[in-house]
Amino acid sequence: DPPGEDYSLFGGALALRQPSRGPRTSLDAVLLADFLPLGGPVAELGLGHGACALAALHLERAPTAWGIELQPDLAELARFNARRNGLELSVVTGDLRAPELLPPPGDRPNAYDRVLTNPPFRAPGDGRISREPSRDRARRETAGTLTDFLDAARRILNPGGALYLIFTARRTAELIHELRRRSLEPKRLRPIHGRRESPARLVLVEARRDGGVELTLEPPLCTHEDKDYSPELAEILAGRPGGAAGR
């Protein structure tokens with residue numbers, strides 16, 4: 001078994017292992033899995049140790065998943081976590097900027113109708129550099145920029161397919177610009193606030209390849225009320241069926 005630290009999601013229903021040092025699971029992975037509607041197979045770009053894709057499988061938002069991860073130790077953890085939970089996740093170790101790795105070997109080009117991604121939020125010179133290189137690669141655009149992730153998503157997606165992503169709210173204008181440059185038309189956007197009175201920290205976005213111009217700005221998700229989780233976040237953390245799309 002690969003080394004790491006055990007934890008669980010959804011009240012212990014999904015048992016996972018993450019690095020003892022390096023990129024850790026954050027709320028982002030669970031929020032993105034919850035944002036994914038029910039549907040067919042899904043691909044994830046920047047898989048990490050598999051938390052988001054495996055959460056989506058556990059929640060039965062997709063029957064199977066494929067993912068690509070640059071860091072070999074994280075890719076091995078993702079494989080281990082899939083086996084441990086009996087979930088069907090195929091993992092490729094490699095760089096999503098390498099066209100020959102996209103789509104999965106043996107599949108036709110543009111093989112997926114649904115893609116998940118949680119790109120690094122920070123540009124190379126933005127903010128303090130982490131002392132842990134693998135954590136810094138997950139947070140900062142040192143081994144793949146936002147545009148690299150969007151180019152890979154465009155390559156994988158069938159015409160009419162959808163990209164689901166979570167990103168820092170500070171770069172929302174840039175995100176929408178880069179999506180539309182690739183004919184990935186934003187269709188749903190949901191801001192995430194720490195508290196109702198605070199500015200949004202994150203955005204959840206659904207963009208459709210070659211879609212028409214029509215965007216639904218969804219009600220904000222506030223993660224906290226007073227000192228507790230908000231009722232909606234508590235539902236998400238419990239593994240609510242159907243997710244935001246099923247409300």
# chains A, B, ... in the order shown; residues from 1 in each chain; ligands from 1
$ select_by_dssp --residues "region 28-95 of chain A" --states "alpha helix (DSSP H)" --output "PyMOL selection string"
chain A and resi 28-35+51-58+72-85
$ residues_around --residues "Leu221 (chain A)" --least-positions-apart "2" --cutoff "7 Å" --atoms "only C-alpha atoms" --output "ChimeraX atom specification"
/A:191-193,219,223
$ residues_around --residues "region 202-210 of chain A" --least-positions-apart "2" --cutoff "6 Å" --atoms "only C-alpha atoms" --output "PyMOL selection string"
chain A and resi 159-169+183-192+200
$ atom_distance --atom1 "CA of Arg155 (chain A)" --atom2 "CA of Ala43 (chain A)"
11.7 Å
$ closest_residue --among "A:Leu101, A:Leu96, A:Ala51, A:Leu175" --to "Ala152 (chain A)" --atoms "only C-alpha atoms"
A:Leu96
$ residues_around --residues "region 82-87 of chain A" --least-positions-apart "6" --cutoff "8 Å" --atoms "only C-alpha atoms" --output "MDAnalysis selection string"
chainID A and resid 14:16 50 54 57:58 64
$ select_by_dssp --residues "region 3-245 of chain A" --states "strand (DSSP E or B)" --output "VMD selection string"
chain A and resid 5 to 9 14 to 18 42 to 45 65 to 69 89 to 93 112 to 117 122 140 157 to 168 184 to 193 200 to 209 216 to 217 221 to 222 224 to 225 228 to 229
$ atom_distance --atom1 "CA of Ala56 (chain A)" --atom2 "CA of Phe35 (chain A)"
9.3 Å
$ closest_residue --among "A:Arg114, A:Glu44, A:Pro2, A:Glu88" --to "Pro72 (chain A)" --atoms "only C-alpha atoms"
A:Pro2
$ atom_distance --atom1 "CA of Pro3 (chain A)" --atom2 "CA of Phe121 (chain A)"
26.9 Å
